[in-house]
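One file, upload_1.txt, is given below (compact mmCIF, C-alpha atoms).
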```
# COMPACT_ATOMS: atom_id res chain seq x y z
CA MET A 867 71.04 -51.23 5.33
CA PRO A 868 68.48 -51.06 8.15
CA GLU A 869 69.46 -53.58 10.80
CA ALA A 870 65.83 -54.53 11.47
CA ALA A 871 65.25 -55.46 7.80
CA THR A 872 68.43 -57.49 7.72
CA ASP A 873 67.45 -59.37 10.88
CA ALA A 874 63.98 -60.09 9.46
CA LEU A 875 65.53 -61.51 6.30
CA ARG A 876 67.83 -63.76 8.34
CA ARG A 877 64.96 -65.08 10.46
CA VAL A 878 62.74 -65.96 7.51
CA ARG A 879 65.67 -67.47 5.61
CA ARG A 880 66.55 -69.70 8.59
CA LEU A 881 62.90 -70.74 8.85
CA ALA A 882 62.74 -71.70 5.15
CA THR A 883 66.04 -73.59 5.36
CA GLY A 884 64.90 -75.31 8.56
CA ILE A 885 61.69 -76.55 6.92
CA LEU A 886 63.69 -77.90 3.98
CA ALA A 887 66.12 -79.64 6.36
CA LEU A 888 63.20 -81.06 8.34
CA LEU A 889 61.72 -82.53 5.17
CA ALA A 890 65.10 -84.03 4.25
CA LEU A 891 65.42 -85.63 7.69
CA GLY A 892 61.90 -86.94 7.40
CA TYR A 893 62.65 -88.44 4.01
CA LEU A 894 65.79 -90.16 5.33
CA GLY A 895 64.00 -91.27 8.48
CA THR A 896 61.32 -93.11 6.53
CA HIS A 897 64.01 -95.43 5.19
CA LEU A 898 64.88 -96.47 8.75
CA LEU A 899 61.29 -97.34 9.68
CA PRO A 900 59.43 -100.57 8.90
CA ASP A 901 57.61 -100.37 5.61
CA SER A 902 53.92 -99.45 5.87
CA SER A 903 51.34 -97.30 4.10
CA GLY A 904 51.83 -94.48 6.59
CA VAL A 905 55.59 -94.56 6.17
CA ARG A 906 55.26 -94.51 2.38
CA LEU A 907 52.81 -91.57 2.62
CA LEU A 908 55.22 -89.63 4.82
CA ARG A 909 58.10 -90.44 2.46
CA ALA A 910 56.10 -89.20 -0.56
CA MET A 911 55.16 -85.99 1.21
CA CYS A 912 58.74 -85.31 2.31
CA GLU A 913 60.06 -86.08 -1.16
CA ALA A 914 57.57 -83.76 -2.90
CA GLY A 915 58.15 -81.06 -0.27
CA MET A 916 61.92 -81.19 -0.83
CA ILE A 917 61.43 -80.92 -4.58
CA GLY A 918 59.12 -77.89 -4.19
CA GLY A 919 61.39 -76.22 -1.63
CA LEU A 920 64.56 -76.80 -3.67
CA ALA A 921 62.92 -75.57 -6.87
CA ASP A 922 61.74 -72.36 -5.21
CA TRP A 923 65.13 -71.93 -3.52
CA PHE A 924 66.75 -72.10 -6.95
CA ALA A 925 64.29 -69.56 -8.37
CA VAL A 926 64.79 -67.12 -5.50
CA VAL A 927 68.58 -67.37 -5.52
CA ALA A 928 68.70 -67.09 -9.31
CA LEU A 929 67.21 -63.59 -9.09
CA PHE A 930 70.24 -62.26 -7.19
CA ARG A 931 73.19 -64.56 -7.84
CA ARG A 932 74.32 -67.84 -9.42
CA PRO A 933 73.07 -70.82 -7.33
CA LEU A 934 76.10 -72.54 -5.74
CA GLY A 935 78.30 -70.33 -7.92
CA LEU A 936 77.58 -72.48 -10.99
CA PRO A 937 77.43 -70.73 -14.41
CA ILE A 938 73.85 -71.79 -15.04
CA PRO A 939 72.13 -69.82 -17.86
CA HIS A 940 69.49 -67.24 -16.92
CA THR A 941 70.65 -66.85 -13.32
CA ALA A 942 71.90 -63.74 -11.43
CA LEU A 943 69.17 -61.93 -13.31
CA LEU A 944 69.18 -58.66 -11.35
CA PRO A 945 72.92 -57.80 -11.53
CA ARG A 946 73.19 -58.99 -15.15
CA ASN A 947 70.26 -56.77 -16.20
CA GLN A 948 70.97 -53.84 -13.88
CA ALA A 949 70.96 -51.14 -16.57
CA ARG A 950 67.69 -52.35 -18.12
CA ALA A 951 66.09 -52.81 -14.70
CA ALA A 952 67.16 -49.28 -13.67
CA GLN A 953 65.64 -47.82 -16.84
CA ASN A 954 62.40 -49.73 -16.33
CA VAL A 955 62.14 -48.66 -12.67
CA GLY A 956 62.74 -45.02 -13.62
CA GLN A 957 60.12 -45.20 -16.37
CA PHE A 958 57.67 -46.93 -14.05
CA PHE A 959 58.18 -44.25 -11.39
CA GLN A 960 57.81 -41.47 -13.95
CA THR A 961 54.66 -42.92 -15.48
CA ASN A 962 52.79 -44.09 -12.41
CA PHE A 963 53.84 -41.71 -9.62
CA LEU A 964 54.28 -38.29 -11.24
CA ARG A 965 51.10 -37.94 -13.27
CA PRO A 966 49.52 -34.47 -12.79
CA ASP A 967 46.08 -35.88 -12.00
CA LEU A 968 47.51 -38.14 -9.28
CA ILE A 969 49.54 -35.28 -7.81
CA ARG A 970 46.50 -33.00 -7.69
CA ALA A 971 44.32 -35.70 -6.14
CA ARG A 972 46.85 -36.41 -3.40
CA LEU A 973 48.11 -32.87 -2.79
CA LEU A 974 44.87 -30.86 -2.72
CA PRO A 975 43.43 -32.62 0.39
CA LEU A 976 46.66 -31.69 2.19
CA ARG A 977 45.78 -27.99 1.67
CA PRO A 978 49.26 -26.73 0.82
CA GLY A 979 48.24 -23.06 0.77
CA THR A 980 46.79 -23.34 4.29
CA PHE A 981 49.96 -25.01 5.51
CA VAL A 982 52.21 -22.35 3.94
CA MET A 983 50.21 -19.41 5.31
CA ARG A 984 50.09 -20.88 8.81
CA TRP A 985 53.80 -21.64 8.62
CA LEU A 986 54.61 -18.10 7.52
CA SER A 987 52.40 -16.57 10.23
CA THR A 988 54.92 -17.76 12.83
CA PRO A 989 57.40 -14.94 13.59
CA ASP A 990 60.49 -17.16 13.38
CA HIS A 991 59.49 -18.58 10.01
CA ALA A 992 58.62 -15.17 8.59
CA ALA A 993 61.98 -13.84 9.80
CA THR A 994 63.79 -16.75 8.13
CA ILE A 995 62.13 -16.10 4.76
CA ALA A 996 62.69 -12.33 5.06
CA ALA A 997 66.39 -12.84 5.82
CA GLU A 998 66.79 -15.08 2.76
CA VAL A 999 64.97 -12.59 0.52
CA VAL A 1000 67.11 -9.70 1.74
CA ARG A 1001 70.26 -11.77 1.32
CA MET A 1002 69.35 -12.60 -2.29
CA LEU A 1003 67.99 -9.13 -3.14
CA PRO A 1004 71.34 -7.54 -4.15
CA VAL A 1005 72.10 -10.50 -6.40
CA ALA A 1006 68.67 -10.32 -8.02
CA LEU A 1007 68.91 -6.55 -8.55
CA ALA A 1008 72.44 -6.90 -9.93
CA HIS A 1009 71.12 -9.14 -12.71
CA ALA A 1010 67.88 -7.24 -13.21
CA GLY A 1011 69.53 -4.79 -15.61
CA SER A 1012 71.16 -7.40 -17.82
CA PRO A 1013 70.21 -7.32 -21.52
CA ARG A 1014 68.59 -10.74 -21.33
CA VAL A 1015 66.38 -9.79 -18.37
CA LEU A 1016 65.47 -6.48 -19.96
CA ALA A 1017 64.58 -8.18 -23.24
CA ARG A 1018 62.35 -10.67 -21.46
CA LEU A 1019 60.74 -7.94 -19.39
CA ARG A 1020 60.15 -5.78 -22.44
CA GLY A 1021 58.61 -8.68 -24.34
CA TRP A 1022 56.37 -9.63 -21.42
CA LEU A 1023 55.37 -6.02 -20.74
CA ARG A 1024 54.59 -5.29 -24.35
CA GLY A 1025 52.49 -8.42 -24.54
CA GLN A 1026 50.53 -7.29 -21.50
CA LEU A 1027 50.20 -3.72 -22.74
CA ARG A 1028 48.70 -4.84 -26.04
CA ARG A 1029 45.69 -6.07 -24.07
CA ASP A 1030 43.11 -3.55 -22.93
CA ARG A 1031 41.63 -5.54 -20.06
CA PHE A 1032 43.29 -3.26 -17.48
CA ASP A 1033 42.24 0.04 -19.06
CA GLN A 1034 38.92 0.39 -17.26
CA PRO A 1035 40.21 -0.72 -13.81
CA MET A 1036 43.15 1.68 -14.21
CA ALA A 1037 40.82 4.54 -15.20
CA ASP A 1038 38.61 3.82 -12.19
CA ALA A 1039 41.67 3.76 -9.94
CA LEU A 1040 42.86 7.13 -11.30
CA ALA A 1041 39.43 8.64 -10.71
CA ARG A 1042 39.40 7.39 -7.12
CA LEU A 1043 42.97 8.63 -6.57
CA ALA A 1044 42.13 12.10 -7.89
CA ALA A 1045 38.99 12.25 -5.74
CA ASP A 1046 40.92 11.17 -2.65
CA MET A 1047 43.56 13.83 -3.29
CA LEU A 1048 40.90 16.55 -3.66
CA ASN A 1049 39.19 15.46 -0.44
CA SER A 1050 42.49 15.50 1.46
CA ASN A 1051 45.12 18.14 2.11
CA ALA A 1052 47.20 17.01 -0.84
CA ALA A 1053 46.38 20.21 -2.76
CA ASP A 1054 47.67 22.52 -0.03
CA ALA A 1055 51.32 22.13 -1.00
CA PRO A 1056 50.85 23.02 -4.72
CA ILE A 1057 48.65 26.01 -3.80
CA ALA A 1058 51.21 27.24 -1.25
CA MET A 1059 54.01 26.81 -3.81
CA LEU A 1060 52.00 28.73 -6.42
CA ARG A 1061 51.31 31.57 -3.97
CA GLN A 1062 54.96 31.79 -2.95
CA THR A 1063 56.09 31.87 -6.59
CA ILE A 1064 53.67 34.70 -7.45
CA ASP A 1065 54.60 36.66 -4.35
CA GLN A 1066 58.34 36.30 -4.98
CA ASN A 1067 57.89 37.39 -8.60
CA ARG A 1068 55.46 40.25 -7.97
CA ASP A 1069 57.25 42.59 -10.36
CA LEU A 1070 56.94 40.10 -13.21
CA ALA A 1071 53.28 39.52 -12.39
CA THR A 1072 52.70 43.27 -12.30
CA ARG A 1073 54.36 43.72 -15.70
CA LEU A 1074 52.23 40.96 -17.17
CA VAL A 1075 49.09 42.70 -15.94
CA GLN A 1076 50.32 46.05 -17.22
CA SER A 1077 51.08 44.57 -20.61
CA GLN A 1078 47.41 43.81 -21.04
CA SER A 1079 46.33 47.38 -20.10
CA ARG A 1080 45.28 50.18 -22.49
CA TRP A 1081 47.74 52.88 -23.57
CA TRP A 1082 45.54 55.71 -22.44
CA ILE A 1083 45.50 54.58 -18.77
CA ALA A 1084 47.99 56.46 -16.58
CA LYS A 1085 51.02 54.45 -15.44
CA ALA A 1086 50.42 55.16 -11.75
CA ILE A 1087 46.84 53.96 -12.00
CA ASP A 1088 47.96 51.04 -14.13
CA ARG A 1089 50.59 49.99 -11.56
CA LYS A 1090 48.16 50.35 -8.69
CA LEU A 1091 45.56 48.31 -10.57
CA ALA A 1092 48.13 45.61 -11.36
CA ASN A 1093 49.19 45.39 -7.73
CA THR A 1094 45.55 45.12 -6.74
CA VAL A 1095 45.03 42.23 -9.17
CA VAL A 1096 48.11 40.44 -7.85
CA ASP A 1097 46.97 40.98 -4.26
CA GLY A 1098 43.58 39.61 -5.21
CA VAL A 1099 45.13 36.50 -6.71
CA LEU A 1100 47.22 35.98 -3.57
CA ALA A 1101 44.19 36.46 -1.35
CA LEU A 1102 42.31 33.98 -3.50
CA LEU A 1103 45.08 31.43 -3.05
CA ASP A 1104 45.12 32.11 0.71
CA ASP A 1105 41.40 31.42 0.84
CA LEU A 1106 41.83 28.19 -1.10
CA GLN A 1107 44.24 26.90 1.56
CA LYS A 1108 41.64 27.24 4.33
CA PRO A 1109 39.91 23.85 4.97
CA ASP A 1110 36.55 25.49 5.78
CA SER A 1111 36.64 27.95 2.89
CA ALA A 1112 33.48 28.08 0.79
CA LEU A 1113 35.61 28.79 -2.28
CA ARG A 1114 37.65 25.68 -1.59
CA HIS A 1115 34.50 23.55 -1.19
CA ASP A 1116 33.08 24.93 -4.44
CA LEU A 1117 36.35 24.23 -6.29
CA GLN A 1118 36.52 20.69 -4.89
CA ALA A 1119 32.91 20.04 -5.89
CA SER A 1120 33.52 21.34 -9.42
CA LEU A 1121 36.69 19.28 -9.86
CA LEU A 1122 34.99 16.15 -8.52
CA GLN A 1123 32.14 16.66 -11.00
CA MET A 1124 34.66 17.10 -13.81
CA ILE A 1125 36.47 13.88 -12.82
CA ASP A 1126 33.17 12.03 -12.64
CA ARG A 1127 32.17 13.27 -16.12
CA MET A 1128 35.55 12.22 -17.53
CA ALA A 1129 35.10 8.78 -16.03
CA GLN A 1130 31.52 8.48 -17.26
CA ASP A 1131 32.11 9.59 -20.85
CA GLY A 1132 35.23 7.42 -21.26
CA ARG A 1133 37.86 10.16 -21.47
CA LEU A 1134 39.87 8.65 -18.62
CA ASN A 1135 39.68 5.24 -20.26
CA ARG A 1136 40.93 6.67 -23.54
CA ALA A 1137 43.74 8.51 -21.75
CA VAL A 1138 44.87 5.26 -20.15
CA ALA A 1139 44.76 3.54 -23.54
CA ARG A 1140 46.90 6.29 -25.10
CA ALA A 1141 49.40 6.03 -22.24
CA ARG A 1142 49.46 2.26 -22.66
CA GLY A 1143 50.19 2.64 -26.35
CA ALA A 1144 52.96 5.16 -25.70
CA VAL A 1145 54.67 2.86 -23.20
CA SER A 1146 54.34 -0.26 -25.34
CA GLY A 1147 55.54 1.47 -28.50
CA GLY A 1148 58.85 2.80 -27.21
CA ASP A 1149 61.64 2.20 -24.76
CA MET A 1150 59.93 3.91 -21.84
CA ALA A 1151 59.32 0.64 -19.98
CA ARG A 1152 62.97 -0.39 -20.35
CA ASP A 1153 64.29 3.02 -19.28
CA LEU A 1154 61.99 3.16 -16.27
CA PHE A 1155 62.96 -0.35 -15.28
CA VAL A 1156 66.69 0.41 -15.57
CA GLN A 1157 66.32 3.55 -13.45
CA LEU A 1158 64.16 1.80 -10.89
CA THR A 1159 66.48 -1.18 -10.50
CA GLY A 1160 69.49 1.12 -10.25
CA PHE A 1161 67.85 3.12 -7.49
CA LEU A 1162 66.68 0.02 -5.66
CA ARG A 1163 70.10 -1.60 -5.96
CA ALA A 1164 71.89 1.43 -4.56
CA GLU A 1165 69.33 2.02 -1.81
CA THR A 1166 69.26 -1.64 -0.83
CA GLN A 1167 73.04 -1.83 -0.62
CA ARG A 1168 73.13 1.37 1.41
CA GLN A 1169 70.57 -0.01 3.86
CA LEU A 1170 72.39 -3.34 4.14
CA ASP A 1171 75.71 -1.61 4.78
CA ALA A 1172 74.17 0.66 7.42
CA ASP A 1173 71.90 -1.84 9.19
CA PRO A 1174 71.04 -5.30 7.78
CA GLY A 1175 68.03 -5.53 10.07
CA ALA A 1176 66.54 -2.34 8.66
CA LEU A 1177 65.16 -4.30 5.72
CA THR A 1178 64.75 -7.73 7.30
CA LEU A 1179 62.53 -6.72 10.22
CA PRO A 1180 59.94 -4.72 8.20
CA LEU A 1181 59.83 -7.40 5.50
CA ALA A 1182 59.34 -10.13 8.11
CA GLY A 1183 56.47 -8.11 9.56
CA LEU A 1184 54.84 -7.74 6.15
CA ILE A 1185 55.16 -11.46 5.45
CA ARG A 1186 53.80 -12.39 8.87
CA ASP A 1187 50.85 -9.97 8.69
CA PHE A 1188 49.90 -11.05 5.18
CA ALA A 1189 50.10 -14.72 6.17
CA ARG A 1190 47.90 -14.13 9.21
CA ARG A 1191 45.27 -12.27 7.21
CA ALA A 1192 45.30 -14.99 4.56
CA ALA A 1193 45.06 -17.76 7.17
CA ALA A 1194 41.93 -16.09 8.57
CA ASP A 1195 40.25 -15.86 5.14
CA PRO A 1196 38.74 -19.20 4.02
CA ALA A 1197 38.13 -17.94 0.49
CA MET A 1198 41.74 -16.86 0.05
CA LEU A 1199 42.99 -20.14 1.52
CA ALA A 1200 40.85 -22.10 -0.94
CA VAL A 1201 42.35 -20.13 -3.85
CA LEU A 1202 45.89 -20.60 -2.52
CA ASP A 1203 45.33 -24.34 -2.04
CA THR A 1204 44.19 -24.70 -5.64
CA ARG A 1205 46.90 -22.48 -7.09
CA LEU A 1206 49.75 -24.18 -5.21
CA THR A 1207 48.39 -27.62 -6.08
CA ASP A 1208 48.18 -26.73 -9.77
CA LEU A 1209 51.65 -25.19 -9.66
CA ALA A 1210 53.17 -28.26 -8.01
CA ALA A 1211 51.46 -30.56 -10.52
CA GLN A 1212 52.70 -28.44 -13.43
CA VAL A 1213 56.27 -28.26 -12.14
CA LEU A 1214 56.47 -31.98 -11.37
CA ASP A 1215 54.92 -32.80 -14.74
CA GLU A 1216 57.66 -30.82 -16.47
CA LEU A 1217 60.29 -32.49 -14.28
CA ARG A 1218 58.99 -36.02 -14.85
CA PRO A 1219 61.71 -37.05 -17.33
CA ALA A 1220 64.43 -35.57 -15.11
CA ILE A 1221 63.13 -37.30 -11.97
CA GLY A 1222 62.67 -40.62 -13.75
CA GLY A 1223 66.16 -40.31 -15.19
CA TYR A 1224 67.56 -39.52 -11.75
CA VAL A 1225 65.97 -42.68 -10.28
CA ALA A 1226 67.32 -44.76 -13.16
CA ASP A 1227 70.82 -43.27 -12.83
CA VAL A 1228 70.96 -43.91 -9.08
CA ILE A 1229 70.02 -47.58 -9.51
CA ALA A 1230 72.32 -48.04 -12.52
CA ASN A 1231 75.29 -46.61 -10.60
CA TRP A 1232 74.95 -48.95 -7.64
CA LYS A 1233 77.59 -51.64 -7.42
CA ALA A 1234 76.32 -55.14 -8.20
CA ASP A 1235 76.76 -56.33 -4.61
CA GLU A 1236 75.05 -53.20 -3.27
CA LEU A 1237 72.18 -53.63 -5.73
CA VAL A 1238 71.64 -57.25 -4.68
CA GLN A 1239 71.87 -56.38 -1.00
CA ARG A 1240 69.36 -53.54 -1.27
CA PHE A 1241 66.77 -55.50 -3.23
CA GLU A 1242 67.29 -58.68 -1.24
CA THR A 1243 66.86 -56.80 2.03
CA GLU A 1244 63.62 -55.20 0.84
CA LEU A 1245 62.14 -58.20 -1.02
CA GLY A 1246 64.01 -61.10 0.57
CA PRO A 1247 61.56 -61.91 3.41
CA ASP A 1248 58.66 -62.24 0.97
CA LEU A 1249 60.77 -64.32 -1.41
CA GLN A 1250 61.80 -66.64 1.42
CA TYR A 1251 58.12 -67.23 2.14
CA ILE A 1252 57.87 -68.47 -1.45
CA ARG A 1253 60.39 -71.17 -0.47
CA ILE A 1254 58.33 -72.03 2.61
CA ASN A 1255 55.10 -72.15 0.64
CA GLY A 1256 56.73 -74.24 -2.07
CA ALA A 1257 57.96 -76.82 0.46
CA VAL A 1258 54.66 -77.03 2.35
CA LEU A 1259 52.52 -77.05 -0.78
CA GLY A 1260 54.79 -79.64 -2.41
CA ALA A 1261 54.44 -81.91 0.62
CA LEU A 1262 50.63 -81.60 0.54
CA ILE A 1263 50.50 -82.25 -3.19
CA GLY A 1264 52.79 -85.27 -2.71
CA GLY A 1265 50.44 -86.65 -0.09
CA VAL A 1266 47.39 -86.12 -2.34
CA LEU A 1267 49.07 -87.79 -5.30
CA PHE A 1268 50.14 -90.74 -3.09
CA GLY A 1269 46.55 -91.16 -1.97
CA LEU A 1270 45.20 -90.98 -5.54
CA ASN A 1271 47.78 -93.51 -6.67
CA ALA A 1272 46.77 -95.88 -3.88
CA VAL A 1273 43.08 -95.58 -4.80
CA LEU A 1274 43.67 -95.99 -8.53
CA THR A 1275 46.00 -99.00 -8.17
```
For this file, produce the structure as structure tokens.
Amino acid sequence: MPEAATDALRRVRRLATGILALLALGYLGTHLLPDSSGVRLLRAMCEAGMIGGLADWFAVVALFRRPLGLPIPHTALLPRNQARAAQNVGQFFQTNFLRPDLIRARLLPLRPGTFVMRWLSTPDHAATIAAEVVRMLPVALAHAGSPRVLARLRGWLRGQLRRDRFDQPMADALARLAADMLNSNAADAPIAMLRQTIDQNRDLATRLVQSQSRWWIAKAIDRKLANTVVDGVLALLDDLQKPDSALRHDLQASLLQMIDRMAQDGRLNRAVARARGAVSGGDMARDLFVQLTGFLRAETQRQLDADPGALTLPLAGLIRDFARRAAADPAMLAVLDTRLTDLAAQVLDELRPAIGGYVADVIANWKADELVQRFETELGPDLQYIRINGAVLGALIGGVLFGLNAVLT
């Protein structure tokens, strides 16, 4: 127990006992003085004060133990009713301290999202979180392919895929991705691969051209014409690889127009919907998830075996940079504050019975002496003031009643 609380209890208890002893001495002293109205008034006040002080002493002691050790009924109330008191305290705590509306009202002004983002923006804190994530990553990936996880994932994914709210954003994203690829050098590699394939298989290309020729054309002319066509195709592909080629610009413009028309007339949206239906209707999502988790598990373990910091340092940088950007964005902070507050209120609301039960179990498992000591240390000073007030108030009431009696008689 805190020493300061124990000392405070002792001081107030000595004060209450001292006042009671003073009243007793005063009562006895009045019998040694010559009889007079003042002496009788003092005696009445001391007598009434002792009665009030002793009655309140009995009431206070009866809460924690049997007064003078006597088996008086309805005493030692707290230890005798420990189980019921523990249950009531747990229920009181659960009902009055863990209500979602109270949690939101107290937590939102603290701005939990702002605190978390500022905490994560510190390099040491970001590194701590990254190290814990990397440490738990192999365990998480090891269980990611379990049948239970896969079943839950498949059920969640199918539920999401049955909804079409992401079709249009996905179609727009595909259109932007295709446009970005056409405006970049991303097409150079496929064109170069196509040219190399045609060049390495010139004989096959020549035969294909010859197969479309007429029977009456001479073979030498036919072969020369076929080689010319193949050379023309290769030259065309060479021209397409040049960034400043007019042919390349015309092709890019035509493809961009085609993508725009597909986006405008809804063909991209319908393609996304068909893909969504194909994924949701089969085992594609499960197979992709199994392959992805297997690759991630193997790659993560390889990286951890080679250099544990290879994953921790980049992840810490990502966490720190994201936290700093979020901390500088008031709108994002407001959203995070609200979301974290709602999440905390929801979690604590679901845990209310468990928390209330935990409080009740802790109190119920205290030993009787420990229970009395804890409650008496916390509440004892205030209860001792009840003794003091009872003695003083009793003395005043005794004096008033003595005066009324004198007037009436």
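Taking only C-alpha atoms into account, A:Leu976 lies nearest to A:Leu1206 out of the set A:Leu1206, A:Val1273, A:Ala925, A:Ala1006.
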May I ask which of the residues A:Leu964, A:Val1258, A:Ala992, A:Val1266 is the closest one to A:Asp1215, counting all atoms listed in the file? A:Leu964
With all atoms listed in the file counted, which protein, DNA or RNA residues have an atom no more than 10 Å from (43.6, 5.2, -21.8) in the file frame? Please answer as a PyMOL selection string. chain A and resi 1030+1032-1034+1036-1037+1132-1143
Could you give me, as a compact mmCIF listing (two decimals) with C-alpha atoms, in the frame of the given file, the residues that sit within 9 Å of (71.6, -60.9, -13.4) in the file's coordinates, counting all atoms listed in the file?
```txt
# COMPACT_ATOMS: atom_id res chain seq x y z
CA ALA A 928 68.70 -67.09 -9.31
CA LEU A 929 67.21 -63.59 -9.09
CA PHE A 930 70.24 -62.26 -7.19
CA ARG A 931 73.19 -64.56 -7.84
CA ARG A 932 74.32 -67.84 -9.42
CA HIS A 940 69.49 -67.24 -16.92
CA THR A 941 70.65 -66.85 -13.32
CA ALA A 942 71.90 -63.74 -11.43
CA LEU A 943 69.17 -61.93 -13.31
CA LEU A 944 69.18 -58.66 -11.35
CA PRO A 945 72.92 -57.80 -11.53
CA ARG A 946 73.19 -58.99 -15.15
CA ASN A 947 70.26 -56.77 -16.20
CA GLN A 948 70.97 -53.84 -13.88
```
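Shortest atom-to-atom contact with A:Phe1188 among A:Val982, A:Ile1125, A:Ile1229, A:Leu1170: A:Val982, counting only C-alpha atoms.
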Enter the distance from atom CA of A:Thr883 to atom CA of A:Gly904, in Å, rounded to one decimal. 25.3 Å
A:Arg1163, A:Arg1240, A:Arg1114, A:Arg1218: which is nearest A:Ile969, counting all atoms listed in the file? A:Arg1218
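With distances taken over all atoms listed in the file, A:Met983 is the one residue among A:Met983, A:Met1128, A:Leu1270, A:Leu1100 lying closest to A:Ala1194.
Take atom CA of A:Asp1110 and atom CA of A:Arg1061: the distance between them is 18.7 Å.
Here atom CA of A:Val878 stands at a distance of 8.6 Å from atom CA of A:Gly1246.
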